[in-house]
file query14.cif (mmCIF, C-alpha atoms and all ligand atoms)
data_entry
#
loop_
_atom_site.label_atom_id
_atom_site.label_comp_id
_atom_site.auth_asym_id
_atom_site.auth_seq_id
_atom_site.Cartn_x
_atom_site.Cartn_y
_atom_site.Cartn_z
CA MET A 1 27.86 1.38 -2.79
CA LEU A 2 25.93 0.32 0.22
CA LEU A 3 26.34 -2.81 2.30
CA ILE A 4 23.68 -4.03 4.68
CA LYS A 5 25.34 -6.56 6.94
CA ASN A 6 24.07 -9.12 9.46
CA ALA A 7 20.56 -8.73 8.10
CA PHE A 8 17.86 -11.25 8.76
CA VAL A 9 16.43 -11.47 5.26
CA VAL A 10 12.88 -12.65 5.80
CA GLU A 11 12.41 -14.10 2.32
CA LEU A 12 15.59 -16.16 2.56
CA ASP A 13 15.11 -17.17 6.20
CA GLU A 14 18.75 -16.41 6.93
CA ILE A 15 21.16 -13.87 8.30
CA THR A 16 23.36 -12.55 5.51
CA ASN A 17 24.83 -9.44 3.85
CA ILE A 18 23.40 -7.47 0.94
CA LEU A 19 25.57 -5.41 -1.39
CA ILE A 20 23.85 -2.64 -3.32
CA GLU A 21 25.32 -0.91 -6.36
CA ASP A 22 23.80 1.25 -9.10
CA GLY A 23 20.34 0.96 -7.61
CA LYS A 24 20.30 -2.80 -7.60
CA ILE A 25 21.12 -5.69 -5.31
CA LYS A 26 24.47 -6.78 -6.66
CA LYS A 27 25.32 -9.63 -4.33
CA ILE A 28 23.95 -11.49 -1.33
CA GLY A 29 26.32 -13.41 0.97
CA GLU A 30 29.94 -12.99 2.08
CA PHE A 31 32.37 -10.50 0.52
CA ASP A 32 36.12 -10.13 0.98
CA THR A 33 37.42 -7.67 -1.61
CA HIS A 34 38.37 -4.08 -0.75
CA LYS A 35 36.29 -1.18 -1.93
CA ASP A 36 34.92 1.73 -0.02
CA CYS A 37 31.24 1.87 0.70
CA GLU A 38 28.71 2.75 3.34
CA ILE A 39 27.95 -0.02 5.81
CA ILE A 40 24.74 -0.46 7.73
CA ASP A 41 24.66 -2.96 10.54
CA ALA A 42 21.23 -4.60 10.56
CA LYS A 43 21.97 -7.05 13.35
CA GLY A 44 18.78 -8.17 15.06
CA LEU A 45 16.59 -6.52 12.43
CA PHE A 46 14.33 -7.72 9.64
CA VAL A 47 15.16 -6.82 6.04
CA MET A 48 12.40 -7.01 3.46
CA PRO A 49 11.46 -5.56 0.10
CA SER A 50 9.93 -2.11 0.61
CA PHE A 51 6.16 -1.75 0.70
CA SER A 52 3.86 -0.86 -2.14
CA ASP A 53 0.44 0.61 -1.43
CA SER A 54 -2.49 -0.62 -3.49
CA HIS A 55 -4.71 2.15 -2.09
CA PHE A 56 -3.40 5.64 -1.42
CA HIS A 57 -5.01 9.08 -1.34
CA LEU A 58 -2.40 11.54 -2.53
CA ARG A 59 -4.91 14.42 -2.26
CA ASN A 60 -3.54 16.08 -5.36
CA PRO A 61 -4.34 17.78 -7.60
CA GLY A 62 -6.26 20.35 -5.63
CA GLN A 63 -6.20 19.41 -1.97
CA GLU A 64 -2.79 20.47 -0.75
CA TYR A 65 -4.42 21.70 2.44
CA LYS A 66 -4.95 18.03 3.33
CA GLN A 67 -1.50 16.85 2.21
CA THR A 68 1.19 18.18 -0.11
CA TYR A 69 3.14 16.09 -2.61
CA MET A 70 6.23 16.41 -0.45
CA GLU A 71 4.42 15.37 2.72
CA ALA A 72 3.02 12.36 0.90
CA ASN A 73 6.54 11.43 -0.13
CA ASP A 74 7.98 11.85 3.36
CA ALA A 75 5.11 10.03 5.05
CA CYS A 76 5.39 7.09 2.65
CA VAL A 77 9.12 6.53 2.95
CA LYS A 78 8.82 6.89 6.72
CA GLY A 79 6.25 4.11 6.61
CA GLY A 80 8.53 1.92 4.47
CA TYR A 81 6.67 2.52 1.19
CA THR A 82 8.46 3.29 -2.06
CA ASP A 83 5.46 3.19 -4.37
CA VAL A 84 1.78 3.91 -4.16
CA ILE A 85 -1.28 3.63 -6.34
CA ALA A 86 -2.97 7.03 -6.06
CA LEU A 87 -6.73 7.09 -6.37
CA ALA A 88 -8.70 9.55 -8.46
CA ASN A 89 -11.12 11.25 -6.03
CA THR A 90 -9.18 14.51 -6.03
CA ASN A 91 -10.24 18.03 -6.96
CA PRO A 92 -10.61 18.03 -9.92
CA VAL A 93 -11.20 14.29 -10.26
CA VAL A 94 -8.43 12.63 -12.27
CA ASP A 95 -10.48 11.52 -15.27
CA ARG A 96 -8.32 12.62 -18.22
CA ALA A 97 -4.79 12.29 -19.49
CA GLU A 98 -3.68 15.85 -18.77
CA LEU A 99 -4.37 15.36 -15.05
CA ILE A 100 -2.49 12.06 -14.94
CA ASN A 101 0.42 13.83 -16.62
CA GLU A 102 0.18 16.70 -14.13
CA VAL A 103 0.51 14.28 -11.19
CA GLN A 104 3.39 12.48 -12.87
CA GLU A 105 5.19 15.78 -13.46
CA ASN A 106 4.66 16.85 -9.87
CA THR A 107 5.92 13.55 -8.48
CA ASN A 108 8.77 12.52 -10.73
CA GLN A 109 11.33 14.32 -8.55
CA LEU A 110 10.18 12.45 -5.44
CA SER A 111 11.77 9.30 -4.02
CA LEU A 112 8.30 7.83 -4.05
CA ASP A 113 6.96 6.29 -7.26
CA VAL A 114 3.37 7.38 -7.75
CA TYR A 115 1.15 5.38 -10.07
CA GLN A 116 -1.86 7.56 -10.82
CA VAL A 117 -5.27 5.98 -11.33
CA SER A 118 -8.05 7.44 -13.49
CA SER A 119 -11.67 7.44 -12.39
CA VAL A 120 -14.10 5.06 -14.10
CA THR A 121 -16.73 7.74 -14.68
CA LYS A 122 -16.19 11.41 -15.47
CA GLY A 123 -16.01 13.49 -12.31
CA LEU A 124 -17.10 10.35 -10.39
CA ASN A 125 -20.62 11.07 -11.65
CA GLY A 126 -21.45 7.37 -11.89
CA LYS A 127 -22.91 7.77 -15.39
CA ASP A 128 -20.46 8.83 -18.09
CA LEU A 129 -17.54 6.50 -18.63
CA VAL A 130 -14.09 8.00 -19.15
CA ASP A 131 -12.26 7.55 -22.46
CA PHE A 132 -10.75 4.16 -21.64
CA ASP A 133 -9.29 3.70 -25.14
CA GLY A 134 -7.32 6.92 -24.87
CA LEU A 135 -6.45 6.64 -21.19
CA VAL A 136 -4.91 3.15 -21.26
CA LYS A 137 -1.81 4.80 -22.77
CA HIS A 138 -1.47 6.62 -19.41
CA THR A 139 -2.76 4.22 -16.76
CA MET A 140 -3.94 0.65 -16.49
CA ILE A 141 -5.91 1.13 -13.27
CA PHE A 142 -9.33 2.81 -13.01
CA SER A 143 -11.38 3.46 -9.90
CA ASP A 144 -14.35 5.49 -8.68
CA ASP A 145 -13.10 4.93 -5.13
CA GLY A 146 -15.00 7.04 -2.65
CA LYS A 147 -18.21 6.19 -4.46
CA ASN A 148 -20.04 3.08 -5.56
CA VAL A 149 -20.87 2.73 -9.26
CA ASP A 150 -24.60 2.31 -8.69
CA ASP A 151 -25.76 1.98 -12.29
CA ILE A 152 -25.55 -1.67 -13.27
CA ASP A 153 -25.23 -0.98 -17.02
CA VAL A 154 -22.41 1.50 -16.46
CA MET A 155 -20.56 -1.03 -14.31
CA LYS A 156 -21.14 -3.76 -16.87
CA GLU A 157 -19.78 -1.65 -19.71
CA ALA A 158 -16.71 -0.69 -17.66
CA LEU A 159 -16.05 -4.37 -16.95
CA GLU A 160 -16.41 -5.25 -20.63
CA LYS A 161 -13.90 -2.54 -21.52
CA SER A 162 -11.50 -3.84 -18.85
CA GLU A 163 -11.73 -7.29 -20.41
CA GLU A 164 -11.15 -5.86 -23.90
CA LEU A 165 -8.26 -3.52 -23.01
CA GLY A 166 -6.72 -5.41 -20.09
CA PHE A 167 -6.95 -2.73 -17.42
CA ILE A 168 -7.95 -3.22 -13.78
CA ILE A 169 -10.96 -1.68 -12.04
CA MET A 170 -10.56 -1.01 -8.32
CA ASP A 171 -14.01 -1.20 -6.88
CA HIS A 172 -15.44 0.68 -3.91
CA SER A 173 -18.51 -1.43 -3.12
CA GLU A 174 -21.13 0.37 -1.00
CA PRO A 175 -23.21 -0.92 0.69
CA GLU A 176 -20.34 -3.34 0.84
CA SER A 177 -21.60 -6.91 0.86
CA GLU A 178 -24.61 -6.20 -1.33
CA MET A 179 -22.47 -4.58 -4.02
CA VAL A 180 -19.67 -7.16 -3.71
CA ILE A 181 -22.23 -9.85 -4.47
CA ARG A 182 -23.70 -7.84 -7.38
CA ASN A 183 -20.30 -7.15 -8.89
CA ILE A 184 -19.13 -10.76 -8.62
CA GLU A 185 -22.23 -11.71 -10.60
CA LEU A 186 -21.39 -9.08 -13.22
CA VAL A 187 -17.87 -10.43 -13.60
CA LYS A 188 -19.31 -13.92 -14.05
CA GLU A 189 -21.60 -12.54 -16.74
CA VAL A 190 -19.30 -10.28 -18.76
CA GLY A 191 -15.75 -10.94 -17.50
CA GLY A 192 -13.36 -8.12 -16.72
CA ASN A 193 -10.59 -7.42 -14.21
CA LEU A 194 -12.05 -6.43 -10.88
CA HIS A 195 -10.15 -5.74 -7.66
CA PHE A 196 -12.29 -5.09 -4.58
CA CYS A 197 -10.99 -2.37 -2.26
CA HIS A 198 -11.05 -2.30 1.54
CA ILE A 199 -13.10 -5.42 2.25
CA SER A 200 -14.32 -5.40 5.85
CA LYS A 201 -17.37 -7.63 6.28
CA LYS A 202 -17.75 -11.32 6.94
CA GLU A 203 -20.49 -11.60 4.29
CA SER A 204 -18.21 -10.02 1.69
CA ILE A 205 -15.42 -12.43 2.57
CA GLU A 206 -17.80 -15.36 2.19
CA ALA A 207 -18.90 -14.18 -1.26
CA LEU A 208 -15.35 -13.43 -2.41
CA THR A 209 -13.81 -16.69 -1.20
CA LYS A 210 -16.64 -18.65 -2.78
CA ALA A 211 -16.12 -16.82 -6.07
CA LYS A 212 -12.38 -17.50 -5.95
CA ASP A 213 -13.05 -21.19 -5.24
CA GLU A 214 -15.24 -21.24 -8.33
CA GLY A 215 -12.42 -19.78 -10.37
CA VAL A 216 -13.87 -16.30 -10.88
CA GLY A 217 -10.92 -14.03 -11.67
CA ILE A 218 -11.35 -11.38 -8.98
CA THR A 219 -8.89 -10.04 -6.39
CA PHE A 220 -9.35 -8.12 -3.17
CA GLU A 221 -7.74 -5.94 -0.55
CA VAL A 222 -8.07 -5.44 3.20
CA THR A 223 -6.83 -2.44 5.20
CA PRO A 224 -4.65 -2.03 8.30
CA HIS A 225 -7.40 -0.25 10.25
CA HIS A 226 -10.01 -2.93 9.63
CA LEU A 227 -7.56 -5.58 10.84
CA PHE A 228 -6.31 -3.52 13.77
CA SER A 229 -9.44 -2.30 15.50
CA THR A 230 -13.03 -3.30 16.21
CA ASP A 231 -16.21 -1.61 17.35
CA LEU A 232 -14.66 1.83 17.29
CA ASP A 233 -16.64 5.02 16.72
CA TYR A 234 -14.61 6.86 14.08
CA ARG A 235 -15.87 7.82 10.64
CA VAL A 236 -14.26 5.71 7.94
CA ASN A 237 -15.68 4.10 4.83
CA PRO A 238 -16.38 1.19 5.14
CA PRO A 239 -16.92 1.51 8.91
CA ILE A 240 -14.65 -0.12 11.49
CA ALA A 241 -15.74 -3.75 11.62
CA THR A 242 -17.01 -6.03 14.38
CA LYS A 243 -14.94 -8.73 16.09
CA GLU A 244 -16.64 -11.37 14.00
CA ASP A 245 -15.84 -9.51 10.77
CA VAL A 246 -12.19 -9.15 11.73
CA LYS A 247 -12.01 -12.85 12.52
CA ALA A 248 -13.25 -13.55 8.98
CA LEU A 249 -10.63 -11.18 7.50
CA ILE A 250 -7.83 -12.88 9.47
CA ASN A 251 -9.00 -16.35 8.49
CA ALA A 252 -9.14 -15.29 4.84
CA ILE A 253 -5.54 -14.04 5.08
CA LYS A 254 -4.44 -17.31 6.71
CA ALA A 255 -6.17 -19.34 4.02
CA GLY A 256 -4.42 -17.32 1.27
CA TYR A 257 -7.50 -15.62 -0.21
CA VAL A 258 -6.49 -12.01 0.37
CA ASP A 259 -4.37 -10.37 -2.37
CA SER A 260 -3.22 -7.12 -0.84
CA ILE A 261 -3.22 -4.82 2.14
CA GLY A 262 -3.93 -1.28 0.99
CA SER A 263 -3.46 1.51 3.53
CA ASP A 264 -6.42 3.62 2.35
CA HIS A 265 -4.38 6.51 3.78
CA ALA A 266 -6.90 9.34 3.69
CA PRO A 267 -5.73 12.68 5.12
CA HIS A 268 -8.31 15.30 6.12
CA SER A 269 -8.10 18.69 7.78
CA ASP A 270 -9.67 18.98 11.25
CA GLU A 271 -12.49 21.00 9.73
CA ASP A 272 -13.28 18.46 6.98
CA LYS A 273 -13.19 15.72 9.58
CA LYS A 274 -15.60 17.65 11.80
CA ASN A 275 -17.90 17.99 8.80
CA GLY A 276 -18.01 14.23 8.38
CA SER A 277 -15.30 13.35 5.84
CA PRO A 278 -14.54 9.63 6.17
CA GLY A 279 -10.98 8.37 6.47
CA ILE A 280 -7.90 7.65 8.56
CA ILE A 281 -4.25 8.51 7.99
CA ASN A 282 -2.40 5.23 7.99
CA ILE A 283 0.68 5.22 5.85
CA GLU A 284 3.20 6.02 8.61
CA SER A 285 1.93 3.28 10.93
CA ALA A 286 0.45 0.71 8.51
CA TYR A 287 3.34 -1.72 8.83
CA SER A 288 3.35 -1.57 12.64
CA MET A 289 -0.41 -2.11 12.82
CA VAL A 290 -0.33 -5.07 10.46
CA ARG A 291 2.74 -6.57 12.12
CA LYS A 292 1.02 -6.44 15.50
CA VAL A 293 -2.10 -8.16 14.18
CA PHE A 294 -0.06 -10.77 12.29
CA TYR A 295 2.18 -11.45 15.31
CA GLU A 296 -0.81 -11.97 17.59
CA ASN A 297 -2.52 -14.25 15.08
CA GLY A 298 0.49 -16.33 14.10
CA ILE A 299 0.66 -15.08 10.50
CA ASP A 300 4.20 -15.11 9.15
CA MET A 301 6.28 -12.28 7.74
CA LYS A 302 6.37 -13.83 4.27
CA THR A 303 2.61 -13.44 4.03
CA LEU A 304 3.01 -9.82 5.09
CA ILE A 305 5.60 -9.29 2.34
CA LYS A 306 3.28 -10.80 -0.23
CA LEU A 307 0.33 -8.59 0.79
CA MET A 308 2.16 -5.33 1.46
CA SER A 309 4.93 -5.52 -1.09
CA LYS A 310 5.06 -8.13 -3.82
CA TRP A 311 1.46 -8.31 -4.97
CA PRO A 312 0.71 -4.58 -5.06
CA ALA A 313 4.07 -3.91 -6.74
CA LYS A 314 3.19 -6.42 -9.43
CA LEU A 315 0.01 -4.45 -10.14
CA VAL A 316 2.22 -1.62 -11.40
CA GLY A 317 4.64 -3.89 -13.21
CA LYS A 318 7.38 -4.26 -10.58
CA GLU A 319 8.93 -7.49 -9.45
CA ARG A 320 9.90 -6.87 -5.87
CA GLY A 321 12.06 -9.09 -3.68
CA ILE A 322 15.47 -9.53 -2.12
CA PHE A 323 17.47 -11.32 -4.80
CA GLU A 324 20.57 -10.60 -6.85
CA GLY A 325 19.72 -8.30 -9.74
CA SER A 326 16.51 -6.95 -8.21
CA LEU A 327 15.90 -3.23 -7.71
CA ALA A 328 17.25 -2.23 -4.29
CA ASP A 329 13.88 -1.23 -2.82
CA ILE A 330 14.37 -2.29 0.76
CA VAL A 331 13.02 -1.67 4.22
CA ILE A 332 14.81 -2.41 7.50
CA VAL A 333 12.58 -2.80 10.55
CA SER A 334 12.94 -3.61 14.22
CA ASP A 335 10.39 -5.76 16.00
CA GLU A 336 10.07 -3.50 19.03
CA GLU A 337 6.76 -2.39 20.46
CA TYR A 338 5.90 1.28 20.56
CA LYS A 339 2.90 3.61 20.73
CA ILE A 340 1.49 5.47 17.74
CA ASN A 341 2.12 9.20 18.09
CA LYS A 342 0.12 11.28 15.63
CA ASN A 343 2.10 14.38 16.59
CA GLY A 344 5.17 12.74 15.12
CA PHE A 345 3.50 12.16 11.73
CA VAL A 346 5.00 14.15 8.89
CA THR A 347 1.78 14.55 6.96
CA ARG A 348 -0.06 17.67 8.11
CA SER A 349 -3.41 15.98 8.73
CA LYS A 350 -3.89 14.25 12.06
CA ASN A 351 -7.07 12.25 11.51
CA THR A 352 -6.47 9.00 13.33
CA PRO A 353 -8.26 7.29 16.22
CA PHE A 354 -5.12 5.26 16.99
CA HIS A 355 -3.01 7.88 18.77
CA GLY A 356 -1.38 6.29 21.84
CA MET A 357 -2.17 2.72 20.82
CA ASP A 358 0.39 -0.08 21.02
CA VAL A 359 1.88 -1.42 17.80
CA ARG A 360 4.80 -3.65 16.89
CA GLY A 361 7.71 -3.17 14.48
CA LYS A 362 9.32 0.13 13.65
CA VAL A 363 10.58 1.17 10.20
CA LEU A 364 14.20 2.23 10.76
CA MET A 365 15.37 2.69 7.20
CA THR A 366 13.88 2.78 3.72
CA ILE A 367 15.98 2.37 0.59
CA ALA A 368 14.55 3.23 -2.83
CA LYS A 369 16.48 2.21 -5.96
CA GLY A 370 19.64 1.91 -3.88
CA GLU A 371 19.37 5.31 -2.16
CA ILE A 372 18.63 5.75 1.53
CA VAL A 373 15.43 7.80 1.44
CA TYR A 374 14.49 7.45 5.10
CA ASP A 375 16.73 6.93 8.12
CA ASN A 376 15.32 7.38 11.60
CA GLY A 377 18.83 7.64 12.99
CA GLU A 378 18.83 4.49 15.12
CA LEU A 379 20.89 2.28 12.82
CA ALA A 380 24.58 1.77 13.50
CA LYS A 381 27.02 2.86 10.78
CA GLU A 382 30.45 1.25 10.63
CA SER A 383 33.85 2.84 11.14
CA ASP A 384 36.08 3.43 8.11
CA ARG A 385 38.55 0.76 9.13
CA GLU A 386 35.94 -1.95 9.15
CA LYS A 387 34.50 -0.61 5.91
CA SER A 388 37.56 -1.41 3.86
CA SER A 389 37.75 -5.03 4.95
CA LEU A 390 34.12 -5.91 4.40
CA CYS A 391 32.91 -3.94 1.45
CA GLY A 392 33.42 -4.60 -2.19
CA ALA A 393 32.50 -6.86 -5.02
ZN ZN A 401 -13.10 3.45 -0.96
#
call {"tool": "encode", "arguments": {"input": "query14.cif", "output": "C-alpha cells", "more": "lines below"}}
Ligand SMILES: [Zn+2]
result
Amino acid sequence: MLLIKNAFVVELDEITNILIEDGKIKKIGEFDTHKDCEIIDAKGLFVMPSFSDSHFHLRNPGQEYKQTYMEANDACVKGGYTDVIALANTNPVVDRAELINEVQENTNQLSLDVYQVSSVTKGLNGKDLVDFDGLVKHTMIFSDDGKNVDDIDVMKEALEKSEELGFIIMDHSEPESEMVIRNIELVKEVGGNLHFCHISKKESIEALTKAKDEGVGITFEVTPHHLFSTDLDYRVNPPIATKEDVKALINAIKAGYVDSIGSDHAPHSDEDKKNGSPGIINIESAYSMVRKVFYENGIDMKTLIKLMSKWPAKLVGKERGIFEGSLADIVIVSDEEYKINKNGFVTRSKNTPFHGMDVRGKVLMTIAKGEIVYDNGELAKESDREKSSLCGA
C-alpha cells in the first residue's frame, strides 16, 4: 500500500490524502486505522492524474539508434506520462497486424502503456489503403503522420471507412491550413472520425473553431513546442509558429476548442538532424513547457489535466482522474522554475532547441497502476513510527 499525504489534488481543489492499494485509489480523505504502508509527503505539491500522450514517436520497430523501447519508457515516466499513442512512421512502417503485435510484445513488460497506431496507407505511400477491416481488431487509431494524404479520393475513402468501422484518423495536414480546410470539407461531405495533429497556424485555428461551432465532429491537438516558442529557426514539422499564431492557439485553449496536447516527441540522431530530419524531443519537458505557458497566460491546471491527461487517455479507452476506484495513475509535481538540460535527458537523442531555457513545474514522482515508476529522489518519505498511525484502510 501507498499513501500520498498532504497532497493538493488539483481536480478536487483541496489538500487531502490518497490511499493506493492493488493498483487503484482505494480512499481519499482521512485515515486512522493501523496498517503498514509506504508514505509519501506531498506537502506543497500538485497531485494530478498522470499524462497520456496523443502523439508519440516510439521509433520502433527499426530505429533503435534514435531511441530504444527502454529509453522511451524511462523518458515517458520521467515526464509524468504513463501511456502514449505511438505513430506508425517507423521502419518498416506499421501497416499490418504482425507489426502492431511486435510492438505490443516488445512493450508489454514496460511500465508505460503503448497504444500502437497503424498507418492509413501501406508504407505511407499515400495511395493504397491498409486493411482497415482486419486491423480494427488490433488498433482503433490510424495515421499517416509525417506525411499528408495528398490524394483526395484516398482520404475520402479512409474517412468513409472510419465512419463505418468507428476508428479514428489522426491527420498530418501539410501544407497545414490548406489541408485542414480541405479535410474539414471532406468530413462534412462523407463523415468520419478525424483528429488533426499538431495544429500551429492561426488560419487553421479559425477553420477548426468555425467547423466545431457548426457541429462538425472533428477534434484537434496542439503541441508543447508550438505553445512554448515563436520565431525560432529549428527544423520541425509544422514549423515553429509566429507570435500571432501562438496567440490564436492560446485563445483557442482558453475558449475550450482544443482537445489535446500531444508532445510530438520525435528523437533523431545528430546525423539525421544534420541531414534535415524534422522534430524535437519533448516528452521529458512537455509538462514544464506547458505549465509555464499556462501560468503566464492564466490558464488553470484543470484545463491542463483535460488536455494532457483525461482526453488523450479516453482515446485509448481509459478513464483517468483522482477518484476512489480509479486506476492509480498519478503524477506529483512541484511548481518550481528550472532550466531545461538536454544532457540530463534519458533518451539518447538530444535534438532540442530548448536547452537552457526556463520552464516551470518539475515532475517529482510518477505512479503507474499503483507502482512508483519514477522518483527523482526529492520527495520526503515518512519514518516507520509515523507510518503505523496514519496508514491503513
Ligand atoms: Zn506530423
call {"tool": "atom_distance", "arguments": {"input": "query14.cif", "atom1": "atom CA of Lys292 of chain A", "atom2": "atom CA of Gly361 of chain A"}}
result
7.5 Å
call {"tool": "residues_near_ligand", "arguments": {"input": "query14.cif", "ligand": "ligand ZN 401 (chain A)", "cutoff": "9 Å", "atoms": "all atoms listed in the file", "output": "short mmCIF file (atom, residue, chain, number, x, y, z; two decimals) with C-alpha atoms, keeping the file's coordinate frame"}}
result
data_model
loop_
_atom_site.label_atom_id
_atom_site.label_comp_id
_atom_site.auth_asym_id
_atom_site.auth_seq_id
_atom_site.Cartn_x
_atom_site.Cartn_y
_atom_site.Cartn_z
CA HIS A 55 -4.71 2.15 -2.09
CA ASP A 144 -14.35 5.49 -8.68
CA ASP A 145 -13.10 4.93 -5.13
CA GLY A 146 -15.00 7.04 -2.65
CA LYS A 147 -18.21 6.19 -4.46
CA ASN A 148 -20.04 3.08 -5.56
CA MET A 170 -10.56 -1.01 -8.32
CA ASP A 171 -14.01 -1.20 -6.88
CA HIS A 172 -15.44 0.68 -3.91
CA SER A 173 -18.51 -1.43 -3.12
CA GLU A 174 -21.13 0.37 -1.00
CA CYS A 197 -10.99 -2.37 -2.26
CA HIS A 198 -11.05 -2.30 1.54
CA ASN A 237 -15.68 4.10 4.83
CA PRO A 238 -16.38 1.19 5.14
CA ASP A 264 -6.42 3.62 2.35
#
call {"tool": "residues_around", "arguments": {"input": "query14.cif", "residues": "segment 19-33 of chain A", "least_positions_apart": "2", "cutoff": "12 Å", "atoms": "all atoms listed in the file", "output": "ChimeraX atom specification"}}
result
/A:1-9,12,14-17,35-40,49,320-330,367-372,386-393
call {"tool": "write_last_selection", "arguments": {"input": "query14.cif", "atoms": "C-alpha atoms", "output": "tab-separated table (two decimals), in the frame of the given file"}}
result
chain	number	residue	atom	x	y	z
A	1	MET	CA	27.86	1.38	-2.79
A	2	LEU	CA	25.93	0.32	0.22
A	3	LEU	CA	26.34	-2.81	2.30
A	4	ILE	CA	23.68	-4.03	4.68
A	5	LYS	CA	25.34	-6.56	6.94
A	6	ASN	CA	24.07	-9.12	9.46
A	7	ALA	CA	20.56	-8.73	8.10
A	8	PHE	CA	17.86	-11.25	8.76
A	9	VAL	CA	16.43	-11.47	5.26
A	12	LEU	CA	15.59	-16.16	2.56
A	14	GLU	CA	18.75	-16.41	6.93
A	15	ILE	CA	21.16	-13.87	8.30
A	16	THR	CA	23.36	-12.55	5.51
A	17	ASN	CA	24.83	-9.44	3.85
A	35	LYS	CA	36.29	-1.18	-1.93
A	36	ASP	CA	34.92	1.73	-0.02
A	37	CYS	CA	31.24	1.87	0.70
A	38	GLU	CA	28.71	2.75	3.34
A	39	ILE	CA	27.95	-0.02	5.81
A	40	ILE	CA	24.74	-0.46	7.73
A	49	PRO	CA	11.46	-5.56	0.10
A	320	ARG	CA	9.90	-6.87	-5.87
A	321	GLY	CA	12.06	-9.09	-3.68
A	322	ILE	CA	15.47	-9.53	-2.12
A	323	PHE	CA	17.47	-11.32	-4.80
A	324	GLU	CA	20.57	-10.60	-6.85
A	325	GLY	CA	19.72	-8.30	-9.74
A	326	SER	CA	16.51	-6.95	-8.21
A	327	LEU	CA	15.90	-3.23	-7.71
A	328	ALA	CA	17.25	-2.23	-4.29
A	329	ASP	CA	13.88	-1.23	-2.82
A	330	ILE	CA	14.37	-2.29	0.76
A	367	ILE	CA	15.98	2.37	0.59
A	368	ALA	CA	14.55	3.23	-2.83
A	369	LYS	CA	16.48	2.21	-5.96
A	370	GLY	CA	19.64	1.91	-3.88
A	371	GLU	CA	19.37	5.31	-2.16
A	372	ILE	CA	18.63	5.75	1.53
A	386	GLU	CA	35.94	-1.95	9.15
A	387	LYS	CA	34.50	-0.61	5.91
A	388	SER	CA	37.56	-1.41	3.86
A	389	SER	CA	37.75	-5.03	4.95
A	390	LEU	CA	34.12	-5.91	4.40
A	391	CYS	CA	32.91	-3.94	1.45
A	392	GLY	CA	33.42	-4.60	-2.19
A	393	ALA	CA	32.50	-6.86	-5.02
call {"tool": "atom_distance", "arguments": {"input": "query14.cif", "atom1": "atom CA of Arg291 of chain A", "atom2": "atom CA of Ile169 of chain A"}}
result
28.2 Å
call {"tool": "atom_distance", "arguments": {"input": "query14.cif", "atom1": "atom CA of Pro267 of chain A", "atom2": "atom CA of Glu203 of chain A"}}
result
28.4 Å
call {"tool": "closest_atom_pairs", "arguments": {"input": "query14.cif", "of": "segment 325-352 of chain A", "to": "segment 76-82 of chain A", "cutoff": "10 Å", "atoms": "all atoms listed in the file", "output": "JSON lines"}}
result
{"residue": "A:Asp329", "atom": "CA", "partner": "A:Thr82", "partner_atom": "CA", "distance": 7.1}
{"residue": "A:Ile330", "atom": "CA", "partner": "A:Gly80", "partner_atom": "CA", "distance": 8.1}
{"residue": "A:Val331", "atom": "CA", "partner": "A:Gly80", "partner_atom": "CA", "distance": 5.8}
{"residue": "A:Ile332", "atom": "CA", "partner": "A:Gly80", "partner_atom": "CA", "distance": 8.2}
{"residue": "A:Val333", "atom": "CA", "partner": "A:Gly80", "partner_atom": "CA", "distance": 8.7}
{"residue": "A:Phe345", "atom": "CA", "partner": "A:Lys78", "partner_atom": "CA", "distance": 9.0}
{"residue": "A:Val346", "atom": "CA", "partner": "A:Lys78", "partner_atom": "CA", "distance": 8.5}
{"residue": "A:Thr347", "atom": "CA", "partner": "A:Cys76", "partner_atom": "CA", "distance": 9.3}
call {"tool": "residues_around", "arguments": {"input": "query14.cif", "residues": "segment 251-256 of chain A", "least_positions_apart": "3", "cutoff": "10 Å", "atoms": "only C-alpha atoms", "output": "ChimeraX atom specification"}}
result
/A:202,205-206,208-209,222,245-248,259-261,294,297-300,303-304,307
call {"tool": "closest_residue", "arguments": {"input": "query14.cif", "among": "A:Tyr234, A:Phe220, A:Phe167, A:Phe228", "to": "His138 of chain A", "atoms": "only C-alpha atoms"}}
result
A:Phe167
call {"tool": "closest_residue", "arguments": {"input": "query14.cif", "among": "A:Asp150, A:Glu296, A:Glu337, A:Glu214", "to": "Met179 of chain A", "atoms": "all atoms listed in the file"}}
result
A:Asp150
call {"tool": "residues_around", "arguments": {"input": "query14.cif", "residues": "Asn125 of chain A", "least_positions_apart": "2", "cutoff": "12 Å", "atoms": "only C-alpha atoms", "output": "list of chain:residue names"}}
result
A:Asn89, A:Val93, A:Asp95, A:Ser119, A:Val120, A:Thr121, A:Lys122, A:Gly123, A:Lys127, A:Asp128, A:Leu129, A:Val130, A:Asp144, A:Asp145, A:Gly146, A:Lys147, A:Asn148, A:Val149, A:Asp150, A:Asp151, A:Val154
call {"tool": "residues_around", "arguments": {"input": "query14.cif", "residues": "Leu364 of chain A", "least_positions_apart": "4", "cutoff": "8 Å", "atoms": "all atoms listed in the file", "output": "PyMOL selection string"}}
result
chain A and resi 331-334+374-379
call {"tool": "closest_residue", "arguments": {"input": "query14.cif", "among": "A:Pro239, A:Ser111, A:Ala158, A:Tyr257", "to": "Gly126 of chain A", "atoms": "all atoms listed in the file"}}
result
A:Ala158
call {"tool": "residues_around", "arguments": {"input": "query14.cif", "residues": "Asp133 of chain A", "least_positions_apart": "4", "cutoff": "9 Å", "atoms": "only C-alpha atoms", "output": "PyMOL selection string"}}
result
chain A and resi 137+161+165
call {"tool": "closest_residue", "arguments": {"input": "query14.cif", "among": "A:Ile240, A:Ile152, A:Ala266, A:Val117", "to": "Met140 of chain A", "atoms": "only C-alpha atoms"}}
result
A:Val117
call {"tool": "closest_residue", "arguments": {"input": "query14.cif", "among": "A:Thr107, A:Ser162, A:Ser288, A:Gln116", "to": "Asp335 of chain A", "atoms": "only C-alpha atoms"}}
result
A:Ser288
call {"tool": "closest_residue", "arguments": {"input": "query14.cif", "among": "A:Ile218, A:Ala380, A:Ile305, A:Ile184", "to": "Phe46 of chain A", "atoms": "all atoms listed in the file"}}
result
A:Ile305
call {"tool": "axis_aligned_box", "arguments": {"input": "query14.cif", "around": "segment 256-271 of chain A", "padding_each_side": "6 Å", "output": "AutoDock Vina command-line options"}}
result
--center_x -7.9 --center_y 1.8 --center_z 4.4 --size_x 21.3 --size_y 50.3 --size_z 25.6
